[in-house]
Amino acid sequence: MTTISDPPKASFQLSMLIYDTRFRSYTFQFIALILLMLLLGYLGANLMRNLSDQGQNISFRFLQEPANYDINQRPIAYDSQSSHLRASIVGVLNTLIVAFLGCLTATVLGVVAGVLRLSPNWLVRKLMAVYVEAFRNVPVLIWILIIFTVMTAVMPAPSAFRGENATASMLFDAVAFTNRGVYVPAPVWGEGSMVVVLTFLASIVGVFAYRRYATRLLYETGRLLPMGWPSLAILFVPSILVHFVMGQPVTLDYPALKGFNFGGGLHIRGSLIALWFALAIYTGAFIAENVRAGIQAVSRGQTEAAASLGLRPNRIMNLVILPQALRVIIPPLISQYLNLTKNSSLAIAVGYMDVTGTLGGITLNQTGRAIECVLLLMLFYLTISLAISAVMNVYNKSIALKER
Amino acid sequence: MSRDNIAFVRTHMLPESPPPAAERGAVKWLRENLFSSVGNTVLTLVAAYVVIMLVVSSAPWFYNGIWDSPSLSACREMLDGRTGACFAVLTERWNQLLFGFKYPPALYWRPTLAFVLLFVALAPVLFYRYMPRGLLILTGLYPFIAYWLIWGGSLMVPVFALLGVLAGALVYRRMLTVSAGVAVLAGIVAAMVVWWAAGRVTPSLADVMALQPVASRDMGGFMINLMLGVICVSLSLPFGILLALGRQSSMPIIKWICVVFIEFIRGVPLITLLFVANVVLAYFLPPGTTFDLILRVIIMITMFASAYIAEVIRGGLAALPRGQYEAADSLGLDYAQAMQFVILPQALKISIPGIVNVAVGLFKDTTLVSIISMFDIVGMIRGPILASTEWNGVYWELFGFACVLFFITCYGISQYSQWLERELRTDHR
């Protein structure tokens, strides 16, 4: 902060390095740099000596060797003969899967809870306060373990679904909650289903086109078209029609008891569910607080001004309050997404094979290459968080209030 | 019009009549808060149904709870088919949950005493407006006393550590007239010299006032969570302030060192840093050095917390109007004085909620050490207790207990921070 410059002196003296504000900052930076170099050099020298003492080296060749372990959730083809690299990629994909599902669910939960915390209804308000406080003040690891326990110890075994007097039954004959995970119907893409999918994609485009058309019509003629139900209709009706016209190419594969376990359908493991929901509920509590703060940050005068212009309550929300609240909500929301992604590394506690479980867990233990594995692991998370920060900076710049 | 030809004039005020029955008391409150509209009424009924169902279905579990039983099977026998909790696991494993399974039972009084003293030491800081300043000496002494109580060993170790700190502080004071940076360096050197000298003398004084030493690996339970939380938060505050100041610095090299450190630490999950503490850190130390896992974990968690606290404080620094910096400069204060008397007191005040959030988050994150096989409260529950033959299968009582412990601590901390914010509010509103 100090920018005072002393009167120039005739000759340079050594003591000026400390006393003269013009040189002092260089002295300090030089000392800091030397200390940093010394520290890094010291750590590096120790590393070299330790490695040579134990006959090890730094090499990433182990990534090409067969992994020799199995992964229970495989988004891409993988078997125990695949390389460690492939195992890590499976782990990365699993991390991204749980992070995506978690962020989605957390947003829904958080927005609902945040809005309900401002509800005029006392009971609902208090219930939501209890939810937020209960989840914000207890470690997420404990919540993961609790939900995992529900999934493994409380749910019935597949054998409970068998026989005349079965103690458990499937929900709607389609979803089975067992202690080995949840079985849900899986879609089967039969011949001609491409057409259905393409129709659906086209309807998504159609929805946007309709909305643009409605907005333009509003601005040009002042005529207001309904937005809600036509969007929904455009989204679903054509696909359903095409589906029946094509002779129902997309079918569902229902899970059914086969032998000792369920077969068919989509198997969602207990570990994924535990991680997914624990992260979502935990992060949702934080998002709820952000949403509440964001809505409260919009001053009451805005609502009143909009009302005095003659806007109806839902249009006040959509056109006046939300755009201003989102400016406050979105930056912390994104950092909550980041936290959720980083917290998904707790997967290792319930045996979900994310990148911490494969690269930082089994691969590390099998190959003993601790430095390389931990380094790669950190690089992965660092890349994700730097990428998200970059996106956030761009967003912040784009929404920053243009002042003066 | 004269006064006489008016038919009726009221000469005194009527007494106030009460508001209509629907507009007062509980009825009004109910109508406005619970049944103001159809939608609201439906919400109320649904919410009330959920609450009642929860209470009704969990009440017998609490009500029938068994508090005294040697094992889960015995407890189930006592329950005789009724729904009920086996809180007996908490009473039977109480010490394990709090102190771990290896801490010598005869010495439980030492961590307990340290815990009680923690409040004595914290009170002058937490309620500094209502306590005499002199009590802050207790706070300063506490770390050394607590170390001695928890780890045991000769009293000389903490005493020499304290002497080193005092020597450093003294030299810092003396050198402050030269320059703040020089004073800090000189203070550190002085403390180092004292510690080095003490290291030469300590072995011969190993029996002076010695308590029975307890190794770090013998500690466990909630004690570890509390220790890690308290130690790491208090260590990370000064580091966080330094990092934040460094990041705001006009010296590019120092600024970039701080930026890289902060962004790196904030970009990776704590668990990877704990992996570093567990398996990698040993590679970077001179061959043959063995130091405690708990110490390594403290180092890594402190680094982690410092980076987060630095960001919070940077926010506080950025929120200060530029005029404050300029005013300090125009008073002729140098950098250290400006920071100490003008900038930091205001910036830290703004940062309190953020710092408390970091502290609470960090305290919750101390449970992660159970993943690198340390037996903190989660590690104790998952390991020795749930794996034992007596208590295999008793989940809810244990996890519920851990939840309650964390909730009480974290909720307490956040309530305190809200109180402090109100207390420090100096603007007039």
# chains A, B, ... in the order shown; residues from 1 in each chain; ligands from 1
$ interface_residues --of "chain B" --to "chain A" --cutoff "8 Å" --atoms "only C-alpha atoms" --output "PyMOL selection string"
chain B and resi 33-35+40+43-44+47-48+178-179+181+250-251+253-254+264+267-269+271-272+275-276+279-280+283-287+325+329+334-335+360+364-365+367-368+371+378+395-396+399+402-403+406-407+410-411
$ write_last_selection --atoms "N, CA and C atoms" --output "short mmCIF file (atom, residue, chain, number, x, y, z; two decimals), in the first residue's frame"
data_model
loop_
_atom_site.label_atom_id
_atom_site.label_comp_id
_atom_site.auth_asym_id
_atom_site.auth_seq_id
_atom_site.Cartn_x
_atom_site.Cartn_y
_atom_site.Cartn_z
N ASN B 33 -50.91 -17.75 9.66
CA ASN B 33 -49.69 -18.51 9.42
C ASN B 33 -49.92 -19.90 8.88
N LEU B 34 -51.08 -20.46 9.10
CA LEU B 34 -51.27 -21.85 8.69
C LEU B 34 -52.39 -22.03 7.67
N PHE B 35 -53.45 -21.22 7.76
CA PHE B 35 -54.62 -21.50 6.91
C PHE B 35 -55.03 -20.27 6.10
N ASN B 40 -52.37 -23.13 1.11
CA ASN B 40 -51.66 -23.12 2.37
C ASN B 40 -52.21 -24.16 3.33
N LEU B 43 -50.95 -27.51 2.34
CA LEU B 43 -49.55 -27.64 2.75
C LEU B 43 -49.45 -27.94 4.25
N THR B 44 -50.22 -27.16 5.03
CA THR B 44 -50.18 -27.35 6.48
C THR B 44 -50.58 -28.77 6.85
N ALA B 47 -47.86 -31.21 5.86
CA ALA B 47 -46.70 -31.10 6.73
C ALA B 47 -47.02 -31.66 8.11
N ALA B 48 -48.21 -31.34 8.62
CA ALA B 48 -48.58 -31.83 9.95
C ALA B 48 -48.65 -33.35 9.94
N VAL B 178 12.44 -1.37 13.24
CA VAL B 178 13.19 -1.41 11.98
C VAL B 178 12.23 -1.59 10.81
N SER B 179 11.57 -2.75 10.82
CA SER B 179 10.63 -3.04 9.74
C SER B 179 9.86 -4.29 10.12
N GLY B 181 8.73 -6.80 8.36
CA GLY B 181 9.23 -8.03 7.75
C GLY B 181 10.46 -8.54 8.47
N SER B 250 1.42 -6.15 -3.43
CA SER B 250 1.81 -5.56 -4.71
C SER B 250 3.11 -6.19 -5.22
N MET B 251 3.69 -7.10 -4.43
CA MET B 251 4.91 -7.76 -4.88
C MET B 251 4.54 -9.00 -5.68
N ILE B 253 6.03 -11.65 -7.00
CA ILE B 253 6.47 -13.02 -6.68
C ILE B 253 5.68 -13.56 -5.50
N ILE B 254 5.60 -12.75 -4.44
CA ILE B 254 4.87 -13.19 -3.25
C ILE B 254 3.41 -13.44 -3.59
N PHE B 264 -4.43 -24.18 -5.70
CA PHE B 264 -4.15 -25.62 -5.73
C PHE B 264 -4.90 -26.33 -4.61
N GLY B 267 -8.57 -26.50 -5.04
CA GLY B 267 -9.03 -27.26 -6.19
C GLY B 267 -9.10 -28.76 -5.96
N VAL B 268 -8.45 -29.25 -4.90
CA VAL B 268 -8.44 -30.70 -4.70
C VAL B 268 -9.25 -31.05 -3.47
N PRO B 269 -9.88 -32.23 -3.44
CA PRO B 269 -10.64 -32.63 -2.26
C PRO B 269 -9.71 -32.91 -1.08
N ILE B 271 -9.70 -35.30 0.82
CA ILE B 271 -9.29 -36.70 0.94
C ILE B 271 -7.97 -36.95 0.21
N THR B 272 -7.74 -36.26 -0.92
CA THR B 272 -6.45 -36.46 -1.60
C THR B 272 -5.32 -35.89 -0.77
N PHE B 275 -4.55 -38.44 1.68
CA PHE B 275 -3.72 -39.48 1.06
C PHE B 275 -2.26 -39.05 1.07
N VAL B 276 -2.06 -37.77 0.73
CA VAL B 276 -0.69 -37.26 0.74
C VAL B 276 -0.10 -37.43 2.13
N VAL B 279 0.42 -41.45 2.65
CA VAL B 279 1.37 -42.27 1.90
C VAL B 279 2.47 -41.49 1.20
N VAL B 280 2.26 -40.21 0.90
CA VAL B 280 3.22 -39.51 0.05
C VAL B 280 4.19 -38.65 0.86
N TYR B 283 7.83 -39.48 1.61
CA TYR B 283 8.85 -39.43 0.56
C TYR B 283 9.58 -38.10 0.54
N PHE B 284 8.92 -37.05 1.03
CA PHE B 284 9.50 -35.72 0.91
C PHE B 284 10.28 -35.32 2.16
N LEU B 285 10.39 -36.23 3.11
CA LEU B 285 11.12 -35.92 4.33
C LEU B 285 12.43 -36.69 4.32
N PRO B 286 13.41 -36.21 5.08
CA PRO B 286 14.70 -36.90 5.09
C PRO B 286 14.50 -38.37 5.47
N PRO B 287 15.28 -39.28 4.85
CA PRO B 287 15.12 -40.71 5.13
C PRO B 287 15.24 -40.96 6.62
N TYR B 325 -7.79 2.37 3.11
CA TYR B 325 -6.35 2.20 2.84
C TYR B 325 -5.69 3.57 2.72
N ASP B 329 -2.76 5.39 4.94
CA ASP B 329 -1.53 5.88 4.35
C ASP B 329 -1.33 7.36 4.67
N ASP B 334 2.87 2.87 8.47
CA ASP B 334 3.50 2.00 7.49
C ASP B 334 2.61 0.78 7.28
N TYR B 335 3.06 -0.13 6.39
CA TYR B 335 2.20 -1.24 5.99
C TYR B 335 1.70 -2.05 7.19
N VAL B 360 -16.70 -24.50 10.75
CA VAL B 360 -17.69 -25.57 10.91
C VAL B 360 -17.46 -26.66 9.86
N LYS B 364 -16.45 -30.61 10.50
CA LYS B 364 -17.17 -31.76 9.95
C LYS B 364 -16.23 -32.63 9.13
N ASP B 365 -15.32 -31.98 8.41
CA ASP B 365 -14.41 -32.74 7.55
C ASP B 365 -13.40 -33.56 8.32
N THR B 367 -14.01 -35.86 10.08
CA THR B 367 -14.42 -37.27 10.04
C THR B 367 -13.76 -38.01 8.89
N LEU B 368 -13.22 -37.26 7.92
CA LEU B 368 -12.60 -37.92 6.77
C LEU B 368 -11.35 -38.72 7.17
N ILE B 371 -11.13 -42.44 6.86
CA ILE B 371 -10.85 -43.14 5.60
C ILE B 371 -9.39 -43.54 5.51
N VAL B 378 -16.23 -41.69 13.68
CA VAL B 378 -16.78 -42.52 12.60
C VAL B 378 -15.95 -43.79 12.44
N TYR B 395 -27.00 -49.93 14.16
CA TYR B 395 -26.53 -48.78 13.38
C TYR B 395 -27.07 -47.45 13.89
N TRP B 396 -28.39 -47.39 14.07
CA TRP B 396 -29.04 -46.07 14.21
C TRP B 396 -28.63 -45.37 15.48
N PHE B 399 -24.93 -44.02 14.80
CA PHE B 399 -24.87 -42.91 13.85
C PHE B 399 -25.65 -41.72 14.40
N ALA B 402 -23.49 -39.90 16.84
CA ALA B 402 -22.48 -39.08 16.16
C ALA B 402 -23.13 -37.82 15.59
N CYS B 403 -24.31 -37.99 14.98
CA CYS B 403 -25.02 -36.83 14.43
C CYS B 403 -25.28 -35.80 15.51
N PHE B 406 -22.12 -33.89 16.56
CA PHE B 406 -21.70 -32.90 15.58
C PHE B 406 -22.71 -31.76 15.50
N PHE B 407 -23.98 -32.11 15.59
CA PHE B 407 -24.99 -31.06 15.47
C PHE B 407 -24.83 -30.05 16.60
N CYS B 410 -21.60 -27.92 15.96
CA CYS B 410 -21.63 -27.02 14.81
C CYS B 410 -22.74 -25.97 14.96
N TYR B 411 -23.89 -26.39 15.47
CA TYR B 411 -24.98 -25.44 15.63
C TYR B 411 -24.60 -24.40 16.66
#
$ residues_around --residues "B:Phe87" --least-positions-apart "3" --cutoff "10 Å" --atoms "only C-alpha atoms" --output "list in words"
Phe62, Asn64, Gly65, Ile66, Trp67, Asp68, Ser69, Leu72, Cys75, Gly84, Leu90, Thr91, Glu92, Val394, Trp396, Glu397, Leu398 and Phe401 of chain B
$ closest_residue --among "B:Val51, B:Ala310, B:Met223, B:Leu424" --to "B:Ile350" --atoms "only C-alpha atoms"
B:Leu424
$ closest_residue --among "A:Asn314, A:Thr215, A:Ser15, A:Ser239" --to "A:Ser193" --atoms "only C-alpha atoms"
A:Ser239
$ atom_distance --atom1 "atom CA of B:Leu185" --atom2 "atom CA of B:Ile343"
22.3 Å
$ select_by_dssp --residues "stretch 140-235 of chain A" --states "strand (DSSP E)" --output "PyMOL selection string"
chain A and resi 176-178+181-184+186-189
$ atom_distance --atom1 "atom CA of B:Ile313" --atom2 "atom CA of B:Ile257"
17.1 Å
$ atom_distance --atom1 "atom CA of B:Ser216" --atom2 "atom CA of B:Pro384"
17.8 Å
$ residues_around --residues "stretch 281-287 of chain A" --least-positions-apart "3" --cutoff "6 Å" --atoms "only C-alpha atoms" --output "ChimeraX atom specification"
/A:106,109-110,132,135,277-278,290
$ write_last_selection --atoms "C-alpha atoms" --output "compact mmCIF listing (two decimals), in the first residue's frame"
# COMPACT_ATOMS: atom_id res chain seq x y z
CA ALA A 106 -29.37 -31.05 -5.14
CA LEU A 109 -34.08 -30.02 -3.50
CA GLY A 110 -32.28 -26.78 -2.74
CA VAL A 132 -31.37 -27.15 6.44
CA PHE A 135 -28.01 -31.42 7.20
CA PHE A 277 -28.70 -38.95 -2.33
CA ALA A 278 -26.44 -38.12 0.59
CA ASN A 290 -28.18 -19.58 -1.13
$ residues_around --residues "stretch 240-257 of chain A" --least-positions-apart "3" --cutoff "9 Å" --atoms "only C-alpha atoms" --output "JSON, numbers by chain"
{"A": [158, 159, 161, 162, 173, 174, 175, 176, 183, 184, 185, 186, 187, 188, 189, 190, 191, 192, 193, 194, 195, 196, 199, 200, 236, 237, 260, 261, 262, 263, 264, 265, 266, 267]}
$ select_by_dssp --residues "stretch 239-389 of chain A" --states "helix (DSSP H, G or I)" --output "ChimeraX atom specification"
/A:239-245,270-297,300-308,313-349,355-367,370-389
$ residues_around --residues "B:Glu390" --least-positions-apart "5" --cutoff "8 Å" --atoms "only C-alpha atoms" --output "list in words"
Pro70, Ser71, Leu72 and Ser73 of chain B
$ residues_around --residues "A:Val115" --least-positions-apart "3" --cutoff "8 Å" --atoms "only C-alpha atoms" --output "list in words"
Val111, Val112, Leu118, Ser119, Ala288, Val291 and Arg292 of chain A
